[in-house]
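In what follows, a structure is listed as structure tokens, so that the remarks can point back to it.
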Amino acid sequence: MSTPTPVLLGIFDGHNASAGVYVADRVVALVQEERLVRVKNHYGLPQQAATEALRLAGITVAEVDRVCCASHFVSPPQGPRWATESFDARYLGGGALRRRITGSTAYRHRRAQQRMDQRRAAISGWGFDPDKVTFHAHHEAHAATAYHGLRRDDEPYLVLTLDGGGDGQSGSVWVGRDGDLTCLETIPQADSLGELYAVTTHLLGFTPLEHEYKLMGMAPYADPRYAEPTARMYAGYLGFDPVHPMRFRRTVGEPLSAVGPRLQKDLGRTRFDSLCAGLQLFTERILCDWVQRCVEQTGVGRVLAAGASS
């Protein structure tokens, strides 16, 4: 007797909210909510994208075996992205984000459970059995896309994930072998390289979590001589944990999402192109160092990567 083919509906309800349908070991439809509601980087549950992805796949709600949400802690807000004033509060004031990142384990678990309950109720309103709605760790989902999507055999792979943050983490280190993933290390969101890049993006007058590529684009136009001092300045914010060599560790007291006022002072009157070049130089150096450290610690030289901060 053959095993029934599972039909899965995947949901991501953070910025760039989207939905996908997975049938018979392959993705058959992917849709971003912004394409349908005409709101750039729509943030929140992608109801219209889920409906359209199912239509494209020729799947009914009743045929879906499981709805898989790729994070424990996402939603709300719904609809448009945060306004500029919200980014000011997020990156220049600290506030709720700082409490969520640095709060007690019990507090984070309670808030995550509240969000999961809210989202399960909303998705059941689309016609799904609430018992079919499941939630999965954000960075494990990142790692799974790289490993299960790109591996060619059952030999070991080193899988690295990095982003601005999700479920209280900004990165992770895994080894994939024989179809299974084992997590070796996680990087707290308070030590997020992506958040440091996003804060700088906001200070330059761009939209964080979207316009980081513009800083990358400006970086090559600066004289390398002017990039080096800025790169050294950023190195004073983030380095490596001496006890956990595969983990980033901030060298300032506050979470890196809250260093806006300090960073604004340290940057002073640094030219915008020199600033972009220095930030990019620092980013490339610390990432290359991180990959090398992970390879040395694990002895696995085949590297897969996943995650995004924008």
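Identifiers in the structure tokens: chain A, B, ... in order shown; residue index from 1 per chain; ligand index from 1 in order shown.
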
Give me, as a Markdown table, each residue of segment 224-308 of chain A that comes within 10 Å of segment 198-215 of chain A, together with its shortest interatomic pair and the distance in Å at one decimal, counting only C-alpha atoms, with rows ordered by chain and rising residue number.
| residue | atom | partner | partner_atom | distance |
| --- | --- | --- | --- | --- |
| A:Leu256 | CA | A:Val199 | CA | 8.2 |
| A:Ser257 | CA | A:Val199 | CA | 6.6 |
| A:Ala258 | CA | A:Val199 | CA | 8.1 |
| A:Val259 | CA | A:Val199 | CA | 7.6 |
| A:Gly260 | CA | A:Val199 | CA | 6.1 |
| A:Pro261 | CA | A:Leu203 | CA | 9.5 |
| A:Leu263 | CA | A:Thr200 | CA | 8.0 |
| A:Gln264 | CA | A:Leu203 | CA | 7.3 |
| A:Leu267 | CA | A:Thr200 | CA | 9.7 |
| A:Phe272 | CA | A:Leu204 | CA | 7.5 |
| A:Asp273 | CA | A:Leu215 | CA | 8.2 |
| A:Leu275 | CA | A:Leu215 | CA | 8.8 |
| A:Cys276 | CA | A:Leu215 | CA | 5.3 |
| A:Ala277 | CA | A:Leu215 | CA | 8.0 |
| A:Leu279 | CA | A:Thr200 | CA | 8.5 |
| A:Gln280 | CA | A:Leu215 | CA | 8.0 |
| A:Ala308 | CA | A:Leu209 | CA | 9.0 |

For those residues, write N, CA and C atoms to a file as a PDB file, in the first residue's frame.
ATOM      1  N   LEU A 256      22.248  45.320  19.280  1.00  0.00           N
ATOM      2  CA  LEU A 256      22.692  46.073  18.108  1.00  0.00           C
ATOM      3  C   LEU A 256      21.543  46.776  17.390  1.00  0.00           C
ATOM      4  N   SER A 257      20.297  46.375  17.655  1.00  0.00           N
ATOM      5  CA  SER A 257      19.168  47.115  17.101  1.00  0.00           C
ATOM      6  C   SER A 257      19.002  48.467  17.771  1.00  0.00           C
ATOM      7  N   ALA A 258      19.635  48.664  18.936  1.00  0.00           N
ATOM      8  CA  ALA A 258      19.430  49.879  19.730  1.00  0.00           C
ATOM      9  C   ALA A 258      20.657  50.781  19.779  1.00  0.00           C
ATOM     10  N   VAL A 259      21.622  50.556  18.876  1.00  0.00           N
ATOM     11  CA  VAL A 259      22.866  51.337  18.932  1.00  0.00           C
ATOM     12  C   VAL A 259      22.791  52.606  18.091  1.00  0.00           C
ATOM     13  N   GLY A 260      21.609  52.943  17.563  1.00  0.00           N
ATOM     14  CA  GLY A 260      21.492  54.102  16.685  1.00  0.00           C
ATOM     15  C   GLY A 260      22.109  55.367  17.244  1.00  0.00           C
ATOM     16  N   PRO A 261      21.753  55.794  18.455  1.00  0.00           N
ATOM     17  CA  PRO A 261      22.335  57.031  18.997  1.00  0.00           C
ATOM     18  C   PRO A 261      23.848  56.957  19.138  1.00  0.00           C
ATOM     19  N   LEU A 263      25.902  54.969  17.427  1.00  0.00           N
ATOM     20  CA  LEU A 263      26.482  54.884  16.087  1.00  0.00           C
ATOM     21  C   LEU A 263      26.463  56.242  15.402  1.00  0.00           C
ATOM     22  N   GLN A 264      25.381  56.996  15.592  1.00  0.00           N
ATOM     23  CA  GLN A 264      25.273  58.326  15.006  1.00  0.00           C
ATOM     24  C   GLN A 264      26.409  59.221  15.499  1.00  0.00           C
ATOM     25  N   LEU A 267      29.883  57.903  14.012  1.00  0.00           N
ATOM     26  CA  LEU A 267      30.059  58.169  12.591  1.00  0.00           C
ATOM     27  C   LEU A 267      30.362  59.635  12.320  1.00  0.00           C
ATOM     28  N   PHE A 272      29.065  59.766   3.225  1.00  0.00           N
ATOM     29  CA  PHE A 272      28.154  58.643   3.026  1.00  0.00           C
ATOM     30  C   PHE A 272      28.808  57.504   2.258  1.00  0.00           C
ATOM     31  N   ASP A 273      29.629  57.811   1.238  1.00  0.00           N
ATOM     32  CA  ASP A 273      30.234  56.727   0.458  1.00  0.00           C
ATOM     33  C   ASP A 273      31.320  56.004   1.254  1.00  0.00           C
ATOM     34  N   LEU A 275      31.258  55.727   4.467  1.00  0.00           N
ATOM     35  CA  LEU A 275      30.503  54.964   5.461  1.00  0.00           C
ATOM     36  C   LEU A 275      30.032  53.638   4.846  1.00  0.00           C
ATOM     37  N   CYS A 276      29.454  53.711   3.652  1.00  0.00           N
ATOM     38  CA  CYS A 276      28.971  52.490   2.992  1.00  0.00           C
ATOM     39  C   CYS A 276      30.117  51.524   2.723  1.00  0.00           C
ATOM     40  N   ALA A 277      31.238  52.059   2.253  1.00  0.00           N
ATOM     41  CA  ALA A 277      32.386  51.207   1.949  1.00  0.00           C
ATOM     42  C   ALA A 277      32.933  50.554   3.210  1.00  0.00           C
ATOM     43  N   LEU A 279      31.288  49.929   6.072  1.00  0.00           N
ATOM     44  CA  LEU A 279      30.341  48.944   6.567  1.00  0.00           C
ATOM     45  C   LEU A 279      30.419  47.660   5.746  1.00  0.00           C
ATOM     46  N   GLN A 280      30.502  47.804   4.424  1.00  0.00           N
ATOM     47  CA  GLN A 280      30.568  46.617   3.576  1.00  0.00           C
ATOM     48  C   GLN A 280      31.876  45.863   3.785  1.00  0.00           C
ATOM     49  N   ALA A 308      18.002  36.033   5.117  1.00  0.00           N
ATOM     50  CA  ALA A 308      17.977  37.354   4.500  1.00  0.00           C
ATOM     51  C   ALA A 308      17.646  38.381   5.544  1.00  0.00           C
TER      52      ALA A 308
END

List the spatial neighbours of Gly253 of chain A as a list of chain:residue names - criterion: any atom at most 12 Å away, only C-alpha atoms, same-chain residues fewer than 4 positions off excluded.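 So, after excluding close chain neighbours, the residues are A:Arg98, A:Thr102, A:Ala190, A:Asp191, A:Gly236, A:Tyr237, A:Leu238, A:Arg249, A:Ser257, A:Ala258, A:Val259, A:Arg262.
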
How would you write, as a ChimeraX atom specification, the set of residues in segment 63-208 of chain A that DSSP gives as strand (DSSP E or B)? /A:66-69,133-135,157-166,169-177,180-188

Got time to write the residues from that selection, N, CA and C atoms, as a short mmCIF file (atom, residue, chain, number, x, y, z; two decimals), in the first residue's frame?
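So result.cif came out as:
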data_model
loop_
_atom_site.label_atom_id
_atom_site.label_comp_id
_atom_site.auth_asym_id
_atom_site.auth_seq_id
_atom_site.Cartn_x
_atom_site.Cartn_y
_atom_site.Cartn_z
N ARG A 66 -1.32 20.00 6.02
CA ARG A 66 -0.72 20.79 7.08
C ARG A 66 -0.43 22.20 6.58
N VAL A 67 -0.66 23.19 7.45
CA VAL A 67 -0.27 24.58 7.18
C VAL A 67 0.96 24.86 8.05
N CYS A 68 2.08 25.15 7.41
CA CYS A 68 3.36 25.28 8.12
C CYS A 68 3.80 26.73 8.14
N CYS A 69 3.85 27.33 9.31
CA CYS A 69 4.28 28.72 9.47
C CYS A 69 5.76 28.75 9.83
N VAL A 133 -2.55 23.53 11.73
CA VAL A 133 -1.65 24.69 11.67
C VAL A 133 -0.48 24.44 12.61
N THR A 134 0.74 24.44 12.06
CA THR A 134 1.94 24.17 12.85
C THR A 134 2.92 25.33 12.71
N PHE A 135 3.82 25.45 13.68
CA PHE A 135 4.79 26.54 13.70
C PHE A 135 6.19 25.96 13.83
N TYR A 157 27.14 18.32 5.13
CA TYR A 157 27.16 19.70 4.66
C TYR A 157 27.16 20.62 5.88
N LEU A 158 27.90 21.70 5.79
CA LEU A 158 27.82 22.77 6.79
C LEU A 158 26.77 23.77 6.31
N VAL A 159 25.77 24.01 7.14
CA VAL A 159 24.67 24.90 6.75
C VAL A 159 24.68 26.11 7.69
N LEU A 160 24.83 27.30 7.12
CA LEU A 160 24.87 28.54 7.88
C LEU A 160 23.67 29.41 7.53
N THR A 161 23.02 29.98 8.55
CA THR A 161 21.92 30.90 8.31
C THR A 161 22.22 32.23 8.98
N LEU A 162 21.79 33.30 8.35
CA LEU A 162 22.02 34.64 8.90
C LEU A 162 20.95 35.58 8.38
N ASP A 163 20.39 36.41 9.26
CA ASP A 163 19.44 37.44 8.85
C ASP A 163 19.39 38.52 9.92
N GLY A 164 18.43 39.44 9.77
CA GLY A 164 18.29 40.47 10.79
C GLY A 164 17.83 39.88 12.10
N GLY A 165 16.91 38.93 12.04
CA GLY A 165 16.43 38.28 13.25
C GLY A 165 15.13 37.56 13.02
N GLY A 166 14.94 36.50 13.78
CA GLY A 166 13.70 35.74 13.75
C GLY A 166 13.65 34.79 14.92
N GLN A 169 16.65 34.95 17.28
CA GLN A 169 17.97 34.60 16.78
C GLN A 169 18.26 35.35 15.49
N SER A 170 19.55 35.54 15.22
CA SER A 170 19.93 36.19 13.96
C SER A 170 20.82 35.29 13.11
N GLY A 171 21.16 34.11 13.60
CA GLY A 171 21.98 33.20 12.83
C GLY A 171 22.05 31.84 13.49
N SER A 172 22.55 30.87 12.74
CA SER A 172 22.68 29.52 13.28
C SER A 172 23.68 28.74 12.44
N VAL A 173 24.21 27.67 13.06
CA VAL A 173 25.18 26.79 12.42
C VAL A 173 24.65 25.36 12.53
N TRP A 174 24.57 24.66 11.41
CA TRP A 174 24.02 23.31 11.37
C TRP A 174 24.95 22.40 10.59
N VAL A 175 24.85 21.11 10.85
CA VAL A 175 25.44 20.10 9.98
C VAL A 175 24.31 19.22 9.48
N GLY A 176 24.23 19.09 8.16
CA GLY A 176 23.25 18.21 7.54
C GLY A 176 23.92 16.93 7.09
N ARG A 177 23.30 15.82 7.44
CA ARG A 177 23.87 14.52 7.07
C ARG A 177 22.74 13.49 6.98
N ASP A 180 19.18 14.61 7.61
CA ASP A 180 18.81 15.23 8.89
C ASP A 180 19.71 16.43 9.19
N LEU A 181 19.15 17.43 9.88
CA LEU A 181 19.88 18.62 10.28
C LEU A 181 20.11 18.62 11.79
N THR A 182 21.33 18.93 12.21
CA THR A 182 21.67 19.04 13.62
C THR A 182 22.20 20.45 13.88
N CYS A 183 21.59 21.15 14.81
CA CYS A 183 22.00 22.52 15.13
C CYS A 183 23.18 22.48 16.11
N LEU A 184 24.25 23.17 15.76
CA LEU A 184 25.45 23.24 16.60
C LEU A 184 25.57 24.56 17.35
N GLU A 185 25.01 25.62 16.80
CA GLU A 185 25.17 26.95 17.41
C GLU A 185 24.07 27.88 16.93
N THR A 186 23.68 28.80 17.79
CA THR A 186 22.76 29.86 17.41
C THR A 186 23.35 31.20 17.83
N ILE A 187 22.96 32.26 17.11
CA ILE A 187 23.43 33.62 17.40
C ILE A 187 22.24 34.44 17.85
N PRO A 188 22.28 35.01 19.06
CA PRO A 188 21.14 35.80 19.55
C PRO A 188 20.87 37.01 18.66
#

What's around segment 55-62 of chain A at 7 Å? Count only C-alpha atoms, leave out sequence neighbours fewer than 3 positions away in its own chain, and write the answer as a PDB file with N, CA and C atoms, in the first residue's frame.
ATOM      1  N   VAL A  21       2.939  26.203  -1.954  1.00  0.00           N
ATOM      2  CA  VAL A  21       2.319  24.882  -1.873  1.00  0.00           C
ATOM      3  C   VAL A  21       3.365  23.836  -2.262  1.00  0.00           C
ATOM      4  N   VAL A  28       5.247  23.564  -5.830  1.00  0.00           N
ATOM      5  CA  VAL A  28       4.477  23.691  -7.074  1.00  0.00           C
ATOM      6  C   VAL A  28       3.899  25.087  -7.275  1.00  0.00           C
ATOM      7  N   ALA A  29       3.895  25.931  -6.230  1.00  0.00           N
ATOM      8  CA  ALA A  29       3.375  27.299  -6.392  1.00  0.00           C
ATOM      9  C   ALA A  29       3.934  28.176  -5.279  1.00  0.00           C
ATOM     10  N   THR A  51      -4.474  31.809  -0.934  1.00  0.00           N
ATOM     11  CA  THR A  51      -5.586  31.429  -1.810  1.00  0.00           C
ATOM     12  C   THR A  51      -5.115  31.258  -3.246  1.00  0.00           C
ATOM     13  N   GLU A  52      -4.282  32.190  -3.708  1.00  0.00           N
ATOM     14  CA  GLU A  52      -3.801  32.137  -5.096  1.00  0.00           C
ATOM     15  C   GLU A  52      -2.836  30.975  -5.298  1.00  0.00           C
ATOM     16  N   GLY A 127     -10.682  28.683   6.740  1.00  0.00           N
ATOM     17  CA  GLY A 127     -11.315  27.400   6.442  1.00  0.00           C
ATOM     18  C   GLY A 127     -10.489  26.191   6.817  1.00  0.00           C
ATOM     19  N   PHE A 128      -9.310  26.394   7.424  1.00  0.00           N
ATOM     20  CA  PHE A 128      -8.449  25.280   7.788  1.00  0.00           C
ATOM     21  C   PHE A 128      -8.747  24.791   9.208  1.00  0.00           C
TER      22      PHE A 128
END

When DSSP works through the backbone of this structure, what residues of segment 96-258 of chain A end up as helix (DSSP H, G or I), shown as number ranges by chain? A: 96-102, 105-124, 130-132, 138-150, 189-191, 193-203, 212-221, 224-235, 256-258

Taking into account only C-alpha atoms, which residue in the set A:Val31, A:Glu155, A:Arg271, A:Ile286 is nearest to Asp223 of chain A?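 Nearest to Asp223 of chain A: A:Arg271.
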
In Å, rounded to a single decimal, give me how far atom CA of Glu33 of chain A is from atom CA of Ala19 of chain A.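 So the two atoms, atom CA of Ala19 of chain A and atom CA of Glu33 of chain A, lie 7.8 Å apart.
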
Would you compute the distance between atom CA of Gln118 of chain A and atom CA of Thr105 of chain A? Give it in Å to one decimal.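 Rounded to one decimal, the two atoms are 20.0 Å apart.
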
I'd like the contact shell of Glu34 of chain A - 12 Å cut-off, only C-alpha atoms, skipping same-chain residues fewer than 6 positions apart - returned as a PyMOL selection string. chain A and resi 13-19+40-49+78-81

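The interatomic distance for the pair atom CA of Thr5 of chain A and atom CA of Pro130 of chain A works out to 20.7 Å.
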